[in-house]
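In what follows, a structure is listed as structure tokens, so that the remarks can point back to it.
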Amino acid sequence: MMVKSMTGFGRGEYGEDNISFTVDVRTVNHRYSDFSIRMPKIVSGLEEKVREYAASKIGRGKVDIFINYDSFGQDVEIKLDTNLTRSYIECLNAIKDEFNIKDDINLSLLTRFSDIIKVEKVEKEEDELWRILKAALEKAFEGLSQMKEREGQRLFTDIKGKLRYIKEIVDEIDAKDEGLVYAYMDKLRERILELSKGIPLDESRFMTEVALMADKSSIDEEIVRMRSHISEFEKTMDSRGTIGKKLDFIIQEMNREVNTIGSKGAEIDIINNVVNLKTEIEKIREQIQNIE
């Protein structure tokens with residue numbers, strides 16, 4: 001079973017070297033691919049890589065990706081400006097000598113000069129951040145894929161059941177069609193003979209025209225194409241990749257054939273069958289809007 005739903009959710013967490021990423025991925029049905037990514041500004045340089053990764057995993061649908069970044073422990077570096085500190089000490093000693101001050105120069109005094117100690121943020125290498133973030137993404141998309149496959153299985157099973165019912169209805173219409181054509185020919189022949197009383201007719205030409213008119217009311221070609229569409233629909237559902245758009249096209253063609261059958265089949269039994277066909281096809285059409 002290869003059918004995947006476009007609706008799903010996945011979460012992935014991964015941490016390493018005091019860095020942790022949490023990724024939430026939500027997808028819903030959409031005609032095309034649409035990606036929305038929300039992530040902290042500090043790691044926004046990785047957005048394009050996240051988008052490329054998501055595009056490689058999602059064929060169709062609206063995708064919302066939420067990324068949370070945490071940095072634990074030492075992510076800053078404290079540096080002493082030794083030259084500036086030396087200048088302060090020399091200046092303080094000069095003050096002591098100049099004004100005969102007896103106080104000692106101590107650490108408490110020096111730390112009051114805040115500019116001698118600098119706090120610098122340690123920037124992580126982008127490649128290192130991406131390696132950790134990608135691991136979280138992989139977990140999130142794995143969970144997402146599993147959920148989409150489970151929902152796809154439910155869609156697959158339900159659609160298969162509806163296709164079986166559609167096949168049964170098509171078989172019923174086919175069984176009725178042959179007898180209806182001959183009945184139509186007989187009625188047409190009787191009606192023409194009734195209207196042409198007293199007028200000599202070329203029996204051979206007459207029967208040929210009756211047969212041609214009856215042939216125009218035949219739905220044999222539509223039945224053949226309908227079965228072909230059903231077969232192609234089933235093959236597509238068993239194939240890999242993005243299949244939703246193709247299934248949507250096939251279901252439109254099936255609906256077109258049913259409309260033609262309905263326009264040709266004047267018998268009440270066939271009309272009832274056509275109504276049932278259109279009902280089941282519409283149910284399938286709604287369901288495949290959620291297939292990737």
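Identifiers in the structure tokens: chain A, B, ... in order shown; residue index from 1 per chain; ligand index from 1 in order shown.
Backbone DSSP assigns strand (DSSP E or B) in stretch 112-168 of chain A to Ile117, Lys118, Val119, Glu120 and Lys121 of chain A.
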Extract the full set of helix (DSSP H, G or I) residues from stretch 17-53 of chain A according to DSSP on the backbone, and format it as a list of chain:residue names. A:Lys41, A:Ile42, A:Val43, A:Ser44, A:Gly45, A:Leu46, A:Glu47, A:Glu48, A:Lys49, A:Val50, A:Arg51, A:Glu52, A:Tyr53
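Those residues that approach A:Tyr14 to within 6 Å, counting only C-alpha atoms, are A:Ser20, A:Phe21, A:Ala136; same-chain residues fewer than 4 positions away are not listed.
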What does the file look like for those residues with N, CA, C and O atoms, as a JSON list (two decimals), in the first residue's frame?
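File produced: part-v2.json:
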[["chain", "number", "residue", "atom", "x", "y", "z"],
["A", 20, "SER", "N", 20.24, 21.77, 21.73],
["A", 20, "SER", "CA", 19.06, 20.91, 21.54],
["A", 20, "SER", "C", 18.08, 21.57, 20.58],
["A", 20, "SER", "O", 17.84, 22.77, 20.65],
["A", 21, "PHE", "N", 17.53, 20.75, 19.70],
["A", 21, "PHE", "CA", 16.50, 21.21, 18.77],
["A", 21, "PHE", "C", 15.24, 20.37, 18.97],
["A", 21, "PHE", "O", 15.31, 19.15, 19.12],
["A", 136, "ALA", "N", 17.06, 16.08, 14.34],
["A", 136, "ALA", "CA", 15.72, 16.33, 14.89],
["A", 136, "ALA", "C", 14.68, 16.32, 13.78],
["A", 136, "ALA", "O", 13.57, 15.80, 13.95]]
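The two atoms in question, atom CA of A:Gly61 and atom CA of A:Thr279, are spaced 26.1 Å apart.
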Proximity to A:Ile166 - best of A:Glu16, A:Asp186, A:Glu267, A:Glu282, only C-alpha atoms: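 Closest to A:Ile166 of all the choices is A:Glu282.
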Surrounding residues of stretch 251-260 of chain A excluding itself and chain neighbours under 4 positions, 7 Å, only C-alpha atoms, as a list in words: Glu222, Met226, His229, Leu247, Lys264, Val274, Lys278, Ile281 and Arg285 of chain A
Between A:Asp115, A:Glu142, A:Glu286, A:Asp34, which one has atoms that come closest to A:Thr82, using only C-alpha atoms? A:Asp115
Between atom CA of A:Ser231 and atom CA of A:Gly8, what is the distance, to one decimal in Å? 28.7 Å
I'd like to know which of A:Ile230, A:Ala94, A:Ile270, A:Ile116 is closest to A:Ala175, using only C-alpha atoms.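 Nearest to A:Ala175: A:Ile270.
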Rank A:Glu151, A:Glu221, A:Glu125, A:Asp17 by their smallest atom-to-atom distance to A:Asp174, using only C-alpha atoms, and report the top residue only.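 When distances to A:Asp174 are compared using only C-alpha atoms, the smallest one comes from A:Glu221.
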